[in-house]
Amino acid sequence: MAESTPVAVDEESGPPEGKRGARVITREMVIMLTVPPVLVAIVFGAFVWWRQTAELDSVEANQLRWSELRTLMWEHVQLTVVAAIIVVLVAVPLGIMLTRRQFRAAVPFVVGIANAGQAAPSVGLIVLLFLWLDGGFWTAIWALSLYGILPVLRNTIVGIEGVDPTLVEAGRGIGMTGWMTLFKIELPLSIPVIMAGVRTSLVLIAGTASLACFINAGGLGEVLQTGISLFRFSLMVTGAVLIALLALLIEWLGRVLELVTRPKGI
Amino acid sequence: MTQGTPSQGQSVSGAELRLDQVVKRYPGQKVPAVQSLSLTIPAGEIVAFVGPSGCGKTTSLKMINRLIEPTSGTILIDGNDIRQESATSLRRKIGYVIQGGSLFPHMTVATNVGVVPKMLGWDAARIAERTDELLDLVGLDPDRYRDRYPRELSGGQQQRVGVARGLAADPPVILMDEPFGAVDPITRQRLQDELISIQRELGKTIVCVTHDIDEAIKLGDRILILQEGARIAQYDTPENILAAPANDFVADFVGAGSTLKQLSLTRVRSLDLNQPTTARVGEEMGPVLARAEAAGDDEVVILDDRDRPVAWPWLRQMRNKTKVIGEPRENLVTLDEAATLNDALDTMLTAAHSKAIVTGDRDRYLGVLDFETVTEHMRSAEREAAENVENAEKAESAESIEDPAPTGEAGHG
Amino acid sequence: MWEFIRERWDLIGYNALQHANLVFQAVLVATVVAVALAVVVNKFRFLDPVANTLSAIGLTIPSFALVGLLLPLTKIGAMTAFICVAFYAALPILRNAVVGFSQVDETLIESARGMGMTELGILLRVRLPLAWPVIHAGVRTSVQMSMGVAAIAAYVLGPGLGGYIFTGLSQAGGANAVNYAVVGTVGIVIVALIADLLMLLLGRATISKGIRT
């Protein structure tokens, strides 16, 4: 399969020649760190106001109970965070391994498979796993983790390969072992790139988690799903807005994470 | 207003260019970038605009093709106000060459050269013919280069294509902005030689902005030296500027070594060239060797069917062959007849050869220049220059310019 | 499995074409709109961060959520699917087009202007061809992404192969549930691969040899 990756959420992959290791805080980053939380706060405020003042029938009122919404949101967060942690635990070591000399030949192969997998629609993946493993939280986690692995894997490989080889050599030259060069030089220098991949994965996973409702794994998708099947605009819009707000918030957290994990001096 | 036609009574296809009290003031700027510039550039001459950076030379240039609109004043080409027509149609009649050639990377060499003719609605056959003609003029073999892309060319070749593109629609006026700023010194010298050679053939009116006084001296029939605000410090021929700088600013700008710079006023063409044995590609070797031996030559200059030198082998390299063969012309370093003596020395030193082949229009072979001729001439020129400067100083009872004392330095090597 | 496919071959083929068609149309419209927007952004550079922020926020919103937001306005069916797919398709193209245009060397533009090209001529003959490799990469990303978005839009009865996935879901436990889900999922992967190949060929055909990497 071709070398394109259908991951559009990754700003860093915009221009084709974009292998940028060290980055400064760009204006875009400042904007993306400030605008979304404000936007989320305003829209959420508006939602709360509407929820408190709107006249809802019993079905709507039941679906939109605060306790219910809180539960669904918590499920959504759990799905996202657990899947993201698994992704990082699997993809980063895998990426590191693939950049070691003895495994380097496997890189095109593994990335190729990951790319092709990314071309599979997320709904399809979820539904297939559901039919195979039955529903529930852990099935959803399987699907989300599989789906979120590529950006972290790819950015880990790109990040480590982007480290100036003379630095690694210099490390070796002063007597560092392979592990020491990895932890003291290669990883710290590629952290920004890896974290950009983590953020991309987070967004991807948070979005896909809205489909978890199809396989009885909960999440905010349930409100939307109920809204569509009952054809109630209030439910649909509530579900959609909350999903979107949560995704924006998670994206923002990803950016904050990116900022705080960046080693000083890069 | 035509102050003397350019040298050698060549054909002139250029047009007179006149700037009358041209002012450019940017909004919010106290001092105008260009304060009332008035100037006449005679048809068929090269005028070099020089001055320190920020002096307004580029602004002045860009007002001529209305890339920058003057705040006030008029600019006339061949007596016509440039505001009479739209900026785009004006620009199609003015060649524009900028640093590095600025070729469009997604277009082939031929397409690049044909951009303006195409906009002017020429038919494809005429454009193709014109393109080949121009590539040939700038010394690039059309068959080899026309379908290449800019990134497949060297910097010098790109710049040549840039010049060809500027000439494409046969505009009477050509504007050049630091045209040879992006290439190495040796290539720059060759490109300058070629431009002079082309100009000899075409007689355009060329305005060339440069920050390099040596380039200005070499290229310019006249030099316009500008101070901040595009105020004219001096506008005269290189000879006069060097012999009699109008003020301290000019004297400083042309530099302490200005007497030595006079050497770069002397062109190779004014020296005596040797005429060693020549041969043509494809000729039988026997008679060639005989001719060379009769003349006492160790080397033979080999010419192609258009009289262009292609190789310069020793006799001993030729003996075991039956026919004269050529080599790719690019491999042979030659000097244009318009090259300066400094250029000639540089070329000989770089080529590690005490002689250089001299060519004229379209690389036609003229003769061979040897090292002794150059150094001999330089010595006498230095003596003359020193006298000139002394005279000029006396004439102006000048307040001491710089110590002119030329040393033998230029001749070492 | 094979029997399942053989029996429904015509319908599957039809739906695959529908899927491709939806993506093709949406991406086409998205490309035109996004490039036009990018031209405006390139003209007024202060819009640059605005465009980037909008496109980043847009891409963060899950497609299922957008479906929910659109439904009250566009009702269930192909229109919702089309708008949804086109919306996401436009974002990577917009971002790449803004980058692509901004990477065009200003001296080339001035050179073109100095030769007497009109602004429209400069856009069509200089800016667009030079930015095209980057824009094309964006379009290619878009096509891939749209394949998945179209699958989700099938939940509100958008056309294409996504419907099979939801049929599989609703028939869970039934004999053909897996068959449906596999046909939908793998079918979309195959359509995506073919589309990507075609995009690659399109790139070969439309990106000037002088700037191809």
# chains A, B, ... in the order shown; residues from 1 in each chain; ligands from 1
call {"tool": "select_by_dssp", "arguments": {"residues": "segment 18-213 of chain C", "states": "alpha helix (DSSP H)", "output": "count of residues only"}}
result
154
call {"tool": "closest_atom_pairs", "arguments": {"of": "chain B", "to": "chain C", "cutoff": "10 Å", "atoms": "only C-alpha atoms", "output": "CSV"}}
result
residue,atom,partner,partner_atom,distance
B:Lys62,CA,C:Gly114,CA,8.5
B:Asn65,CA,C:Gly114,CA,6.8
B:Arg66,CA,C:Gly114,CA,8.2
B:Leu67,CA,C:Gly114,CA,6.5
B:Ser86,CA,C:Gly116,CA,9.6
B:Ala87,CA,C:Gly116,CA,7.2
B:Thr88,CA,C:Gly116,CA,4.2
B:Ser89,CA,C:Gly116,CA,6.1
B:Leu90,CA,C:Gly116,CA,7.1
B:Arg91,CA,C:Gly116,CA,4.5
B:Arg92,CA,C:Gly116,CA,4.8
B:Lys93,CA,C:Gly116,CA,8.2
B:Ile94,CA,C:Met115,CA,7.4
B:Gly95,CA,C:Met115,CA,6.9
B:Tyr96,CA,C:Gly114,CA,6.1
B:Val97,CA,C:Ser111,CA,7.8
B:Ile98,CA,C:Ser111,CA,7.3
B:Gln99,CA,C:Thr107,CA,9.1
B:Gly101,CA,C:Ser111,CA,9.1
B:Ser102,CA,C:Leu108,CA,5.8
B:Leu103,CA,C:Leu108,CA,7.2
B:Phe104,CA,C:Leu108,CA,6.8
B:Pro105,CA,C:Gly210,CA,5.6
B:His106,CA,C:Gly210,CA,4.7
B:Met107,CA,C:Gly210,CA,6.6
B:Thr108,CA,C:Gly210,CA,7.3
B:Val115,CA,C:Met115,CA,8.3
B:Val116,CA,C:Met115,CA,6.5
B:Met119,CA,C:Met117,CA,7.6
B:Leu120,CA,C:Gly116,CA,9.7
B:Arg148,CA,C:Gly210,CA,8.2
B:Tyr149,CA,C:Gly210,CA,5.1
B:Pro150,CA,C:Gly210,CA,7.0
B:Arg151,CA,C:Gly210,CA,6.7
B:Glu152,CA,C:Gly210,CA,8.3
B:Arg165,CA,C:Met115,CA,9.2
B:Gly166,CA,C:Met115,CA,8.1
B:Leu175,CA,C:Gly114,CA,9.5
call {"tool": "atom_distance", "arguments": {"atom1": "atom CA of Thr334 of chain B", "atom2": "atom CA of Ile357 of chain B"}}
result
5.1 Å
call {"tool": "closest_atom_pairs", "arguments": {"of": "chain C", "to": "chain A", "cutoff": "8 Å", "atoms": "only C-alpha atoms", "output": "JSON lines"}}
result
{"residue": "C:Pro49", "atom": "CA", "partner": "A:Glu28", "partner_atom": "CA", "distance": 6.0}
{"residue": "C:Asn52", "atom": "CA", "partner": "A:Glu28", "partner_atom": "CA", "distance": 7.2}
{"residue": "C:Thr53", "atom": "CA", "partner": "A:Met32", "partner_atom": "CA", "distance": 6.6}
{"residue": "C:Ala56", "atom": "CA", "partner": "A:Val9", "partner_atom": "CA", "distance": 7.1}
{"residue": "C:Ile57", "atom": "CA", "partner": "A:Leu248", "partner_atom": "CA", "distance": 7.1}
{"residue": "C:Leu59", "atom": "CA", "partner": "A:Val9", "partner_atom": "CA", "distance": 5.8}
{"residue": "C:Thr60", "atom": "CA", "partner": "A:Leu248", "partner_atom": "CA", "distance": 6.1}
{"residue": "C:Ile61", "atom": "CA", "partner": "A:Ala244", "partner_atom": "CA", "distance": 4.9}
{"residue": "C:Pro62", "atom": "CA", "partner": "A:Gly207", "partner_atom": "CA", "distance": 4.5}
{"residue": "C:Ser63", "atom": "CA", "partner": "A:Gly207", "partner_atom": "CA", "distance": 7.4}
{"residue": "C:Phe64", "atom": "CA", "partner": "A:Ser210", "partner_atom": "CA", "distance": 7.0}
{"residue": "C:Ala65", "atom": "CA", "partner": "A:Ala240", "partner_atom": "CA", "distance": 4.1}
{"residue": "C:Leu66", "atom": "CA", "partner": "A:Ala240", "partner_atom": "CA", "distance": 6.6}
{"residue": "C:Val67", "atom": "CA", "partner": "A:Ala240", "partner_atom": "CA", "distance": 7.8}
{"residue": "C:Gly68", "atom": "CA", "partner": "A:Ala240", "partner_atom": "CA", "distance": 5.2}
{"residue": "C:Leu69", "atom": "CA", "partner": "A:Val237", "partner_atom": "CA", "distance": 5.5}
{"residue": "C:Leu71", "atom": "CA", "partner": "A:Phe233", "partner_atom": "CA", "distance": 8.0}
{"residue": "C:Pro72", "atom": "CA", "partner": "A:Phe233", "partner_atom": "CA", "distance": 6.0}
{"residue": "C:Pro92", "atom": "CA", "partner": "A:Ala8", "partner_atom": "CA", "distance": 6.1}
{"residue": "C:Arg95", "atom": "CA", "partner": "A:Gly14", "partner_atom": "CA", "distance": 7.1}
{"residue": "C:Asn96", "atom": "CA", "partner": "A:Gly14", "partner_atom": "CA", "distance": 5.9}
{"residue": "C:Val99", "atom": "CA", "partner": "A:Pro15", "partner_atom": "CA", "distance": 6.8}
{"residue": "C:Gly100", "atom": "CA", "partner": "A:Pro15", "partner_atom": "CA", "distance": 7.5}
{"residue": "C:Val134", "atom": "CA", "partner": "A:Pro15", "partner_atom": "CA", "distance": 6.1}
{"residue": "C:Ala137", "atom": "CA", "partner": "A:Pro16", "partner_atom": "CA", "distance": 7.2}
{"residue": "C:Gly138", "atom": "CA", "partner": "A:Gly14", "partner_atom": "CA", "distance": 7.5}
{"residue": "C:Arg140", "atom": "CA", "partner": "A:Ser4", "partner_atom": "CA", "distance": 7.7}
{"residue": "C:Thr141", "atom": "CA", "partner": "A:Pro6", "partner_atom": "CA", "distance": 5.0}
{"residue": "C:Ser142", "atom": "CA", "partner": "A:Pro6", "partner_atom": "CA", "distance": 7.3}
{"residue": "C:Gln144", "atom": "CA", "partner": "A:Pro6", "partner_atom": "CA", "distance": 5.2}
{"residue": "C:Met145", "atom": "CA", "partner": "A:Pro6", "partner_atom": "CA", "distance": 5.5}
{"residue": "C:Met147", "atom": "CA", "partner": "A:Pro121", "partner_atom": "CA", "distance": 7.1}
{"residue": "C:Gly148", "atom": "CA", "partner": "A:Pro121", "partner_atom": "CA", "distance": 4.4}
{"residue": "C:Val149", "atom": "CA", "partner": "A:Pro121", "partner_atom": "CA", "distance": 7.7}
{"residue": "C:Ala151", "atom": "CA", "partner": "A:Pro121", "partner_atom": "CA", "distance": 6.5}
{"residue": "C:Ile152", "atom": "CA", "partner": "A:Val123", "partner_atom": "CA", "distance": 6.5}
{"residue": "C:Gly162", "atom": "CA", "partner": "A:Gly124", "partner_atom": "CA", "distance": 7.9}
{"residue": "C:Ile165", "atom": "CA", "partner": "A:Gly124", "partner_atom": "CA", "distance": 5.9}
{"residue": "C:Phe166", "atom": "CA", "partner": "A:Val127", "partner_atom": "CA", "distance": 8.0}
{"residue": "C:Gly168", "atom": "CA", "partner": "A:Val127", "partner_atom": "CA", "distance": 7.6}
{"residue": "C:Leu169", "atom": "CA", "partner": "A:Val127", "partner_atom": "CA", "distance": 6.1}
{"residue": "C:Ala172", "atom": "CA", "partner": "A:Leu131", "partner_atom": "CA", "distance": 6.5}
{"residue": "C:Gly173", "atom": "CA", "partner": "A:Leu131", "partner_atom": "CA", "distance": 7.7}
{"residue": "C:Ala177", "atom": "CA", "partner": "A:Leu131", "partner_atom": "CA", "distance": 7.6}
{"residue": "C:Val178", "atom": "CA", "partner": "A:Leu131", "partner_atom": "CA", "distance": 6.6}
{"residue": "C:Ala181", "atom": "CA", "partner": "A:Leu128", "partner_atom": "CA", "distance": 6.2}
{"residue": "C:Val182", "atom": "CA", "partner": "A:Leu128", "partner_atom": "CA", "distance": 7.1}
{"residue": "C:Gly184", "atom": "CA", "partner": "A:Gly124", "partner_atom": "CA", "distance": 7.0}
{"residue": "C:Thr185", "atom": "CA", "partner": "A:Gly124", "partner_atom": "CA", "distance": 4.9}
{"residue": "C:Val186", "atom": "CA", "partner": "A:Ala120", "partner_atom": "CA", "distance": 7.1}
{"residue": "C:Ile188", "atom": "CA", "partner": "A:Ala120", "partner_atom": "CA", "distance": 6.7}
{"residue": "C:Val189", "atom": "CA", "partner": "A:Ala120", "partner_atom": "CA", "distance": 5.2}
{"residue": "C:Ala192", "atom": "CA", "partner": "A:Ala119", "partner_atom": "CA", "distance": 6.6}
{"residue": "C:Leu193", "atom": "CA", "partner": "A:Met1", "partner_atom": "CA", "distance": 7.1}
{"residue": "C:Asp196", "atom": "CA", "partner": "A:Ala2", "partner_atom": "CA", "distance": 7.3}
{"residue": "C:Leu197", "atom": "CA", "partner": "A:Ala2", "partner_atom": "CA", "distance": 7.5}
call {"tool": "write_last_selection", "arguments": {"atoms": "C-alpha atoms", "output": "short mmCIF file (atom, residue, chain, number, x, y, z; two decimals), in the first residue's frame"}}
result
data_model
loop_
_atom_site.label_atom_id
_atom_site.label_comp_id
_atom_site.auth_asym_id
_atom_site.auth_seq_id
_atom_site.Cartn_x
_atom_site.Cartn_y
_atom_site.Cartn_z
CA PRO C 49 -3.99 31.20 12.05
CA ASN C 52 -5.37 26.57 10.82
CA THR C 53 -7.35 26.78 14.03
CA ALA C 56 -7.63 21.75 13.66
CA ILE C 57 -10.86 22.16 15.65
CA LEU C 59 -10.74 17.67 12.58
CA THR C 60 -11.04 17.15 16.33
CA ILE C 61 -14.83 16.93 16.24
CA PRO C 62 -15.76 13.27 15.76
CA SER C 63 -17.70 12.54 12.59
CA PHE C 64 -20.47 10.83 14.52
CA ALA C 65 -21.01 14.07 16.43
CA LEU C 66 -21.20 16.06 13.21
CA VAL C 67 -23.84 13.65 11.94
CA GLY C 68 -25.86 14.43 15.05
CA LEU C 69 -25.45 18.16 14.57
CA LEU C 71 -29.50 15.78 11.26
CA PRO C 72 -31.88 18.45 12.57
CA PRO C 92 -6.81 18.61 5.29
CA ARG C 95 -4.55 23.16 5.62
CA ASN C 96 -2.26 21.80 2.93
CA VAL C 99 0.87 25.71 3.48
CA GLY C 100 1.38 25.03 -0.22
CA VAL C 134 1.24 19.80 -1.33
CA ALA C 137 -1.08 15.27 -0.77
CA GLY C 138 -3.92 16.87 1.18
CA ARG C 140 -5.03 12.14 -1.02
CA THR C 141 -5.30 12.21 2.77
CA SER C 142 -8.84 13.48 2.37
CA GLN C 144 -8.64 8.07 2.63
CA MET C 145 -10.29 9.79 5.56
CA MET C 147 -13.86 6.52 3.12
CA GLY C 148 -14.25 6.05 6.89
CA VAL C 149 -16.46 9.08 7.38
CA ALA C 151 -19.01 4.52 6.53
CA ILE C 152 -20.22 6.29 9.67
CA GLY C 162 -21.12 1.38 5.40
CA ILE C 165 -21.55 -2.83 8.63
CA PHE C 166 -24.66 -1.57 10.38
CA GLY C 168 -24.14 -6.80 10.42
CA LEU C 169 -24.46 -5.01 13.73
CA ALA C 172 -25.72 -9.73 15.53
CA GLY C 173 -26.14 -13.39 16.38
CA ALA C 177 -23.98 -10.89 10.62
CA VAL C 178 -20.25 -11.48 10.21
CA ALA C 181 -19.69 -6.68 8.56
CA VAL C 182 -16.74 -8.20 6.72
CA GLY C 184 -18.65 -3.70 4.49
CA THR C 185 -15.29 -3.30 6.21
CA VAL C 186 -13.07 -5.09 3.71
CA ILE C 188 -14.24 -0.11 2.09
CA VAL C 189 -10.56 -1.00 2.54
CA ALA C 192 -9.82 2.99 -0.37
CA LEU C 193 -6.76 1.19 -1.74
CA ASP C 196 -5.33 5.77 -3.27
CA LEU C 197 -3.73 4.14 -6.28
#
